[in-house]
Each structure stands twice: as structure tokens, then as C-alpha cells.
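Report on the following structure.
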Number of protein chains: 2
Amino acid sequence: MKVQVLVRLKAGVLDVQGKAVEHGLQGIGFNEIANVRVGKLVELEISAGGEEEARSKAEEMCQKLLVNPIIENYEIRTIS
Amino acid sequence: MKVQVLVRLKAGVLDVQGKAVEHGLQGIGFNEIANVRVGKLVELEISAGGEEEARSKAEEMCQKLLVNPIIENYEIRTIS
């Protein structure tokens, strides 16, 4: 089962990369933008009996390796 | 309008970060995984008259700054 993990910096955490992208975009004329945030997209295949199991494994991976819970949030999506 | 841009390395391109994550996960006992790929998640707010316009601006930002078309693909999602 294909699983997508979206990892984002928590709301209060300064997103330096996001700021750089925001300034970069404004610098080339995109002034109608705001609140740019840059996160990680981790995609993987998990052998699991079903969606429930794949999701719970992904959850465990997030807690053990993929995410820094002090500064990051995550969202798990399963794709067929 | 909130826009999500998912940036992924193209299929043939070696994903060093993905490999590192894959080995890391396997090293702590997750052997049921494969094809780990790490990409970027760019989220931003775009002032636009509608979804169509926001999407087309995001498309332009991808082509001009956010994406390296030689090695990366992108997907744009609009959220409300």
C-alpha cells in the first residue's frame, strides 16, 4: 500500500526555508502570496494487510524516525 | 486561497535522501517497506479570484522558481 506522509513545521516555528521561498517569489513579481511554508513529503510502500495496518505502521515510523515532534506535525494519507 | 505544491524527484532520478530514510527505517526494524522517496511540500496562500487563477499562478511559480524541471515533477492542489 502506498503511503504519503506530509511533515510540516508547527505553526509557531520559524520556517527559514519558507521565508526564503516567499522572498524569492516576491522578488520575481509574485506579490499576491503569503504564509509560505516548506515541509517534507515522504512517500513509501508498506506491505500491510489493509489500510488500517499500513496507517498504524506509518504512524509508528513517524514517531520513531520521520518526524521531530518538538517542531513538526505530520499527516498520513494512504493511497490504494 | 490555500495552495499545496508537492514536488517530487522524477522516477529515474536517484533519491539519496529517500534511500537514507529507507535504510534508517529498515535499521530500526521496519522491513515491510519499499520505494521510499522524499520530496518537498510547499504550502502557500495566493490571493486570487478563484481556484482556476490560483492554480495557474502556482503553475507559473513552479516553472519559475519552485521546481527544477530537469529532475523534478510537481502536483498542485488547491484547498478551499
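By convention here, the chains of the C-alpha cells are called A, B, ... in the order presented, each chain's residues are numbered starting at 1, and ligands are numbered starting at 1 in the order presented.
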
Item to complete: Extract, using only C-alpha atoms, all DNA, RNA and protein residues at most 12 Å from Pro69 (chain A), discarding same-chain residues fewer than 2 positions from it, and format them as a VMD selection string.
Response: chain A and resid 7 to 10 13 62 to 67 71 to 74

Reference chain A, mobile chain B, all Cα atoms fitted, written as a PDB file with N, CA and C atoms, in the first residue's frame:
```pdb
ATOM      1  N   MET B   1       0.815  -1.220  -0.001  1.00  0.00           N
ATOM      2  CA  MET B   1      -0.012  -0.014   0.004  1.00  0.00           C
ATOM      3  C   MET B   1       0.867   1.239   0.008  1.00  0.00           C
ATOM      4  N   LYS B   2       0.502   2.182  -0.857  1.00  0.00           N
ATOM      5  CA  LYS B   2       1.280   3.412  -0.951  1.00  0.00           C
ATOM      6  C   LYS B   2       0.835   4.400   0.131  1.00  0.00           C
ATOM      7  N   VAL B   3       1.811   4.915   0.827  1.00  0.00           N
ATOM      8  CA  VAL B   3       1.501   5.832   1.924  1.00  0.00           C
ATOM      9  C   VAL B   3       2.254   7.151   1.721  1.00  0.00           C
ATOM     10  N   GLN B   4       1.544   8.231   1.979  1.00  0.00           N
ATOM     11  CA  GLN B   4       2.128   9.566   1.876  1.00  0.00           C
ATOM     12  C   GLN B   4       2.186  10.174   3.282  1.00  0.00           C
ATOM     13  N   VAL B   5       3.355  10.657   3.657  1.00  0.00           N
ATOM     14  CA  VAL B   5       3.463  11.349   4.941  1.00  0.00           C
ATOM     15  C   VAL B   5       3.843  12.800   4.679  1.00  0.00           C
ATOM     16  N   LEU B   6       3.008  13.713   5.108  1.00  0.00           N
ATOM     17  CA  LEU B   6       3.298  15.140   4.972  1.00  0.00           C
ATOM     18  C   LEU B   6       3.828  15.638   6.303  1.00  0.00           C
ATOM     19  N   VAL B   7       5.046  16.150   6.301  1.00  0.00           N
ATOM     20  CA  VAL B   7       5.655  16.634   7.537  1.00  0.00           C
ATOM     21  C   VAL B   7       5.778  18.150   7.454  1.00  0.00           C
ATOM     22  N   ARG B   8       5.191  18.819   8.438  1.00  0.00           N
ATOM     23  CA  ARG B   8       5.192  20.285   8.441  1.00  0.00           C
ATOM     24  C   ARG B   8       5.792  20.811   9.733  1.00  0.00           C
ATOM     25  N   LEU B   9       6.440  21.966   9.661  1.00  0.00           N
ATOM     26  CA  LEU B   9       6.860  22.634  10.870  1.00  0.00           C
ATOM     27  C   LEU B   9       5.611  23.115  11.607  1.00  0.00           C
ATOM     28  N   LYS B  10       5.624  23.043  12.937  1.00  0.00           N
ATOM     29  CA  LYS B  10       4.483  23.526  13.712  1.00  0.00           C
ATOM     30  C   LYS B  10       4.300  25.023  13.508  1.00  0.00           C
ATOM     31  N   ALA B  11       3.097  25.491  13.751  1.00  0.00           N
ATOM     32  CA  ALA B  11       2.732  26.879  13.460  1.00  0.00           C
ATOM     33  C   ALA B  11       3.698  27.924  14.030  1.00  0.00           C
ATOM     34  N   GLY B  12       4.093  27.760  15.272  1.00  0.00           N
ATOM     35  CA  GLY B  12       4.931  28.800  15.881  1.00  0.00           C
ATOM     36  C   GLY B  12       6.404  28.773  15.476  1.00  0.00           C
ATOM     37  N   VAL B  13       6.818  27.740  14.792  1.00  0.00           N
ATOM     38  CA  VAL B  13       8.241  27.544  14.495  1.00  0.00           C
ATOM     39  C   VAL B  13       8.652  28.327  13.245  1.00  0.00           C
ATOM     40  N   LEU B  14       9.717  29.091  13.367  1.00  0.00           N
ATOM     41  CA  LEU B  14      10.198  29.887  12.241  1.00  0.00           C
ATOM     42  C   LEU B  14      10.609  28.977  11.084  1.00  0.00           C
ATOM     43  N   ASP B  15      10.062  29.257   9.918  1.00  0.00           N
ATOM     44  CA  ASP B  15      10.352  28.430   8.752  1.00  0.00           C
ATOM     45  C   ASP B  15      11.278  29.218   7.817  1.00  0.00           C
ATOM     46  N   VAL B  16      12.563  29.021   8.006  1.00  0.00           N
ATOM     47  CA  VAL B  16      13.563  29.795   7.266  1.00  0.00           C
ATOM     48  C   VAL B  16      13.464  29.516   5.765  1.00  0.00           C
ATOM     49  N   GLN B  17      13.293  28.237   5.431  1.00  0.00           N
ATOM     50  CA  GLN B  17      13.190  27.864   4.023  1.00  0.00           C
ATOM     51  C   GLN B  17      11.925  28.475   3.393  1.00  0.00           C
ATOM     52  N   GLY B  18      10.854  28.459   4.140  1.00  0.00           N
ATOM     53  CA  GLY B  18       9.608  29.071   3.663  1.00  0.00           C
ATOM     54  C   GLY B  18       9.776  30.557   3.413  1.00  0.00           C
ATOM     55  N   LYS B  19      10.452  31.226   4.333  1.00  0.00           N
ATOM     56  CA  LYS B  19      10.701  32.674   4.185  1.00  0.00           C
ATOM     57  C   LYS B  19      11.547  32.941   2.942  1.00  0.00           C
ATOM     58  N   ALA B  20      12.555  32.101   2.736  1.00  0.00           N
ATOM     59  CA  ALA B  20      13.426  32.283   1.573  1.00  0.00           C
ATOM     60  C   ALA B  20      12.633  32.123   0.271  1.00  0.00           C
ATOM     61  N   VAL B  21      11.775  31.119   0.250  1.00  0.00           N
ATOM     62  CA  VAL B  21      10.948  30.897  -0.944  1.00  0.00           C
ATOM     63  C   VAL B  21       9.999  32.081  -1.140  1.00  0.00           C
ATOM     64  N   GLU B  22       9.416  32.539  -0.033  1.00  0.00           N
ATOM     65  CA  GLU B  22       8.481  33.668  -0.105  1.00  0.00           C
ATOM     66  C   GLU B  22       9.165  34.903  -0.685  1.00  0.00           C
ATOM     67  N   HIS B  23      10.335  35.218  -0.155  1.00  0.00           N
ATOM     68  CA  HIS B  23      11.078  36.377  -0.668  1.00  0.00           C
ATOM     69  C   HIS B  23      11.495  36.183  -2.115  1.00  0.00           C
ATOM     70  N   GLY B  24      11.903  34.965  -2.431  1.00  0.00           N
ATOM     71  CA  GLY B  24      12.284  34.659  -3.812  1.00  0.00           C
ATOM     72  C   GLY B  24      11.130  34.893  -4.776  1.00  0.00           C
ATOM     73  N   LEU B  25       9.951  34.391  -4.385  1.00  0.00           N
ATOM     74  CA  LEU B  25       8.778  34.555  -5.252  1.00  0.00           C
ATOM     75  C   LEU B  25       8.394  36.024  -5.382  1.00  0.00           C
ATOM     76  N   GLN B  26       8.433  36.741  -4.252  1.00  0.00           N
ATOM     77  CA  GLN B  26       8.096  38.168  -4.312  1.00  0.00           C
ATOM     78  C   GLN B  26       9.107  38.928  -5.161  1.00  0.00           C
ATOM     79  N   GLY B  27      10.353  38.500  -5.067  1.00  0.00           N
ATOM     80  CA  GLY B  27      11.413  39.154  -5.833  1.00  0.00           C
ATOM     81  C   GLY B  27      11.249  39.030  -7.339  1.00  0.00           C
ATOM     82  N   ILE B  28      10.538  37.990  -7.775  1.00  0.00           N
ATOM     83  CA  ILE B  28      10.317  37.869  -9.222  1.00  0.00           C
ATOM     84  C   ILE B  28       8.880  38.246  -9.594  1.00  0.00           C
ATOM     85  N   GLY B  29       8.243  39.011  -8.703  1.00  0.00           N
ATOM     86  CA  GLY B  29       6.967  39.626  -9.079  1.00  0.00           C
ATOM     87  C   GLY B  29       5.698  38.992  -8.549  1.00  0.00           C
ATOM     88  N   PHE B  30       5.812  37.910  -7.775  1.00  0.00           N
ATOM     89  CA  PHE B  30       4.604  37.313  -7.202  1.00  0.00           C
ATOM     90  C   PHE B  30       4.306  37.973  -5.851  1.00  0.00           C
ATOM     91  N   ASN B  31       3.543  39.066  -5.903  1.00  0.00           N
ATOM     92  CA  ASN B  31       3.283  39.794  -4.664  1.00  0.00           C
ATOM     93  C   ASN B  31       1.989  39.363  -3.984  1.00  0.00           C
ATOM     94  N   GLU B  32       1.219  38.541  -4.650  1.00  0.00           N
ATOM     95  CA  GLU B  32      -0.079  38.130  -4.135  1.00  0.00           C
ATOM     96  C   GLU B  32      -0.003  36.874  -3.267  1.00  0.00           C
ATOM     97  N   ILE B  33       1.180  36.633  -2.680  1.00  0.00           N
ATOM     98  CA  ILE B  33       1.325  35.413  -1.881  1.00  0.00           C
ATOM     99  C   ILE B  33       1.624  35.725  -0.414  1.00  0.00           C
ATOM    100  N   ALA B  34       1.334  34.781   0.446  1.00  0.00           N
ATOM    101  CA  ALA B  34       1.621  34.943   1.873  1.00  0.00           C
ATOM    102  C   ALA B  34       1.785  33.575   2.519  1.00  0.00           C
ATOM    103  N   ASN B  35       2.354  33.601   3.718  1.00  0.00           N
ATOM    104  CA  ASN B  35       2.464  32.393   4.544  1.00  0.00           C
ATOM    105  C   ASN B  35       3.028  31.169   3.829  1.00  0.00           C
ATOM    106  N   VAL B  36       4.158  31.351   3.179  1.00  0.00           N
ATOM    107  CA  VAL B  36       4.778  30.211   2.519  1.00  0.00           C
ATOM    108  C   VAL B  36       5.458  29.329   3.565  1.00  0.00           C
ATOM    109  N   ARG B  37       5.159  28.054   3.533  1.00  0.00           N
ATOM    110  CA  ARG B  37       5.778  27.091   4.447  1.00  0.00           C
ATOM    111  C   ARG B  37       6.316  25.930   3.618  1.00  0.00           C
ATOM    112  N   VAL B  38       7.499  25.499   3.974  1.00  0.00           N
ATOM    113  CA  VAL B  38       8.082  24.368   3.248  1.00  0.00           C
ATOM    114  C   VAL B  38       8.197  23.170   4.186  1.00  0.00           C
ATOM    115  N   GLY B  39       7.663  22.065   3.762  1.00  0.00           N
ATOM    116  CA  GLY B  39       7.715  20.856   4.570  1.00  0.00           C
ATOM    117  C   GLY B  39       8.283  19.699   3.773  1.00  0.00           C
ATOM    118  N   LYS B  40       8.169  18.519   4.337  1.00  0.00           N
ATOM    119  CA  LYS B  40       8.685  17.328   3.660  1.00  0.00           C
ATOM    120  C   LYS B  40       7.536  16.440   3.209  1.00  0.00           C
ATOM    121  N   LEU B  41       7.764  15.768   2.098  1.00  0.00           N
ATOM    122  CA  LEU B  41       6.806  14.802   1.586  1.00  0.00           C
ATOM    123  C   LEU B  41       7.528  13.463   1.523  1.00  0.00           C
ATOM    124  N   VAL B  42       7.117  12.540   2.371  1.00  0.00           N
ATOM    125  CA  VAL B  42       7.744  11.212   2.349  1.00  0.00           C
ATOM    126  C   VAL B  42       6.733  10.224   1.772  1.00  0.00           C
ATOM    127  N   GLU B  43       7.112   9.556   0.711  1.00  0.00           N
ATOM    128  CA  GLU B  43       6.218   8.574   0.107  1.00  0.00           C
ATOM    129  C   GLU B  43       6.874   7.210   0.159  1.00  0.00           C
ATOM    130  N   LEU B  44       6.113   6.219   0.524  1.00  0.00           N
ATOM    131  CA  LEU B  44       6.684   4.877   0.604  1.00  0.00           C
ATOM    132  C   LEU B  44       5.627   3.800   0.408  1.00  0.00           C
ATOM    133  N   GLU B  45       6.099   2.607   0.126  1.00  0.00           N
ATOM    134  CA  GLU B  45       5.186   1.479   0.038  1.00  0.00           C
ATOM    135  C   GLU B  45       5.340   0.627   1.278  1.00  0.00           C
ATOM    136  N   ILE B  46       4.218   0.274   1.867  1.00  0.00           N
ATOM    137  CA  ILE B  46       4.231  -0.550   3.072  1.00  0.00           C
ATOM    138  C   ILE B  46       3.446  -1.826   2.789  1.00  0.00           C
ATOM    139  N   SER B  47       4.075  -2.974   3.035  1.00  0.00           N
ATOM    140  CA  SER B  47       3.337  -4.238   2.909  1.00  0.00           C
ATOM    141  C   SER B  47       2.479  -4.391   4.154  1.00  0.00           C
ATOM    142  N   ALA B  48       1.191  -4.371   3.969  1.00  0.00           N
ATOM    143  CA  ALA B  48       0.303  -4.456   5.124  1.00  0.00           C
ATOM    144  C   ALA B  48      -0.989  -5.130   4.709  1.00  0.00           C
ATOM    145  N   GLY B  49      -1.687  -5.685   5.684  1.00  0.00           N
ATOM    146  CA  GLY B  49      -2.924  -6.407   5.410  1.00  0.00           C
ATOM    147  C   GLY B  49      -4.061  -5.501   4.984  1.00  0.00           C
ATOM    148  N   GLY B  50      -3.952  -4.236   5.307  1.00  0.00           N
ATOM    149  CA  GLY B  50      -5.028  -3.313   4.954  1.00  0.00           C
ATOM    150  C   GLY B  50      -4.639  -1.883   5.274  1.00  0.00           C
ATOM    151  N   GLU B  51      -5.549  -0.980   5.013  1.00  0.00           N
ATOM    152  CA  GLU B  51      -5.282   0.437   5.204  1.00  0.00           C
ATOM    153  C   GLU B  51      -4.986   0.754   6.672  1.00  0.00           C
ATOM    154  N   GLU B  52      -5.794   0.175   7.530  1.00  0.00           N
ATOM    155  CA  GLU B  52      -5.651   0.394   8.971  1.00  0.00           C
ATOM    156  C   GLU B  52      -4.223   0.058   9.437  1.00  0.00           C
ATOM    157  N   GLU B  53      -3.751  -1.132   9.014  1.00  0.00           N
ATOM    158  CA  GLU B  53      -2.439  -1.607   9.428  1.00  0.00           C
ATOM    159  C   GLU B  53      -1.331  -0.728   8.847  1.00  0.00           C
ATOM    160  N   ALA B  54      -1.457  -0.373   7.560  1.00  0.00           N
ATOM    161  CA  ALA B  54      -0.452   0.476   6.913  1.00  0.00           C
ATOM    162  C   ALA B  54      -0.361   1.817   7.635  1.00  0.00           C
ATOM    163  N   ARG B  55      -1.521   2.351   7.955  1.00  0.00           N
ATOM    164  CA  ARG B  55      -1.577   3.643   8.641  1.00  0.00           C
ATOM    165  C   ARG B  55      -0.929   3.569  10.019  1.00  0.00           C
ATOM    166  N   SER B  56      -1.173   2.488  10.719  1.00  0.00           N
ATOM    167  CA  SER B  56      -0.620   2.389  12.067  1.00  0.00           C
ATOM    168  C   SER B  56       0.897   2.179  12.022  1.00  0.00           C
ATOM    169  N   LYS B  57       1.377   1.455  10.990  1.00  0.00           N
ATOM    170  CA  LYS B  57       2.830   1.320  10.836  1.00  0.00           C
ATOM    171  C   LYS B  57       3.457   2.666  10.494  1.00  0.00           C
ATOM    172  N   ALA B  58       2.806   3.412   9.613  1.00  0.00           N
ATOM    173  CA  ALA B  58       3.325   4.721   9.213  1.00  0.00           C
ATOM    174  C   ALA B  58       3.391   5.649  10.430  1.00  0.00           C
ATOM    175  N   GLU B  59       2.354   5.559  11.246  1.00  0.00           N
ATOM    176  CA  GLU B  59       2.291   6.348  12.480  1.00  0.00           C
ATOM    177  C   GLU B  59       3.531   6.060  13.349  1.00  0.00           C
ATOM    178  N   GLU B  60       3.830   4.767  13.493  1.00  0.00           N
ATOM    179  CA  GLU B  60       4.982   4.339  14.296  1.00  0.00           C
ATOM    180  C   GLU B  60       6.291   4.856  13.682  1.00  0.00           C
ATOM    181  N   MET B  61       6.399   4.797  12.349  1.00  0.00           N
ATOM    182  CA  MET B  61       7.612   5.297  11.682  1.00  0.00           C
ATOM    183  C   MET B  61       7.780   6.788  11.916  1.00  0.00           C
ATOM    184  N   CYS B  62       6.667   7.506  11.908  1.00  0.00           N
ATOM    185  CA  CYS B  62       6.730   8.952  12.162  1.00  0.00           C
ATOM    186  C   CYS B  62       7.284   9.210  13.553  1.00  0.00           C
ATOM    187  N   GLN B  63       6.749   8.473  14.522  1.00  0.00           N
ATOM    188  CA  GLN B  63       7.158   8.694  15.906  1.00  0.00           C
ATOM    189  C   GLN B  63       8.600   8.284  16.165  1.00  0.00           C
ATOM    190  N   LYS B  64       9.061   7.255  15.435  1.00  0.00           N
ATOM    191  CA  LYS B  64      10.404   6.751  15.708  1.00  0.00           C
ATOM    192  C   LYS B  64      11.500   7.388  14.868  1.00  0.00           C
ATOM    193  N   LEU B  65      11.160   7.878  13.667  1.00  0.00           N
ATOM    194  CA  LEU B  65      12.224   8.378  12.803  1.00  0.00           C
ATOM    195  C   LEU B  65      11.880   9.593  11.944  1.00  0.00           C
ATOM    196  N   LEU B  66      10.699   9.574  11.336  1.00  0.00           N
ATOM    197  CA  LEU B  66      10.440  10.564  10.294  1.00  0.00           C
ATOM    198  C   LEU B  66      10.184  11.983  10.793  1.00  0.00           C
ATOM    199  N   VAL B  67       9.689  12.086  12.008  1.00  0.00           N
ATOM    200  CA  VAL B  67       9.218  13.385  12.481  1.00  0.00           C
ATOM    201  C   VAL B  67       9.908  13.779  13.776  1.00  0.00           C
ATOM    202  N   ASN B  68      10.247  15.048  13.872  1.00  0.00           N
ATOM    203  CA  ASN B  68      10.732  15.587  15.135  1.00  0.00           C
ATOM    204  C   ASN B  68       9.539  16.242  15.847  1.00  0.00           C
ATOM    205  N   PRO B  69       8.987  15.548  16.848  1.00  0.00           N
ATOM    206  CA  PRO B  69       7.720  16.006  17.429  1.00  0.00           C
ATOM    207  C   PRO B  69       7.809  17.349  18.161  1.00  0.00           C
ATOM    208  N   ILE B  70       9.009  17.787  18.443  1.00  0.00           N
ATOM    209  CA  ILE B  70       9.152  19.081  19.126  1.00  0.00           C
ATOM    210  C   ILE B  70       8.806  20.225  18.187  1.00  0.00           C
ATOM    211  N   ILE B  71       9.210  20.095  16.938  1.00  0.00           N
ATOM    212  CA  ILE B  71       8.964  21.197  15.999  1.00  0.00           C
ATOM    213  C   ILE B  71       8.067  20.833  14.807  1.00  0.00           C
ATOM    214  N   GLU B  72       7.738  19.564  14.658  1.00  0.00           N
ATOM    215  CA  GLU B  72       6.983  19.169  13.466  1.00  0.00           C
ATOM    216  C   GLU B  72       5.669  18.441  13.762  1.00  0.00           C
ATOM    217  N   ASN B  73       4.727  18.645  12.834  1.00  0.00           N
ATOM    218  CA  ASN B  73       3.482  17.885  12.806  1.00  0.00           C
ATOM    219  C   ASN B  73       3.498  16.959  11.604  1.00  0.00           C
ATOM    220  N   TYR B  74       2.634  15.965  11.601  1.00  0.00           N
ATOM    221  CA  TYR B  74       2.557  15.139  10.399  1.00  0.00           C
ATOM    222  C   TYR B  74       1.134  14.719  10.082  1.00  0.00           C
ATOM    223  N   GLU B  75       0.962  14.341   8.837  1.00  0.00           N
ATOM    224  CA  GLU B  75      -0.344  13.897   8.344  1.00  0.00           C
ATOM    225  C   GLU B  75      -0.080  12.668   7.477  1.00  0.00           C
ATOM    226  N   ILE B  76      -0.842  11.623   7.687  1.00  0.00           N
ATOM    227  CA  ILE B  76      -0.635  10.386   6.930  1.00  0.00           C
ATOM    228  C   ILE B  76      -1.801  10.174   5.968  1.00  0.00           C
ATOM    229  N   ARG B  77      -1.475   9.873   4.710  1.00  0.00           N
ATOM    230  CA  ARG B  77      -2.519   9.556   3.735  1.00  0.00           C
ATOM    231  C   ARG B  77      -2.203   8.222   3.095  1.00  0.00           C
ATOM    232  N   THR B  78      -3.197   7.380   2.996  1.00  0.00           N
ATOM    233  CA  THR B  78      -2.979   6.117   2.295  1.00  0.00           C
ATOM    234  C   THR B  78      -3.589   6.229   0.900  1.00  0.00           C
ATOM    235  N   ILE B  79      -2.865   5.688  -0.086  1.00  0.00           N
ATOM    236  CA  ILE B  79      -3.323   5.777  -1.469  1.00  0.00           C
ATOM    237  C   ILE B  79      -3.451   4.367  -2.032  1.00  0.00           C
ATOM    238  N   SER B  80      -4.636   3.942  -2.268  1.00  0.00           N
ATOM    239  CA  SER B  80      -4.978   2.596  -2.788  1.00  0.00           C
ATOM    240  C   SER B  80      -4.319   1.461  -2.034  1.00  0.00           C
TER     241      SER B  80
END
```

Discussion item. As a ChimeraX atom specification, please: every residue in region 5-80 of chain B that a backbone DSSP assignment puts in alpha helix (DSSP H).
Written reply: /B:16-27,51-61

Practice prompt. Identify all residues of chain B in strand (DSSP E) (DSSP on the backbone) and supply them as a count of residues only.
Written response: 30
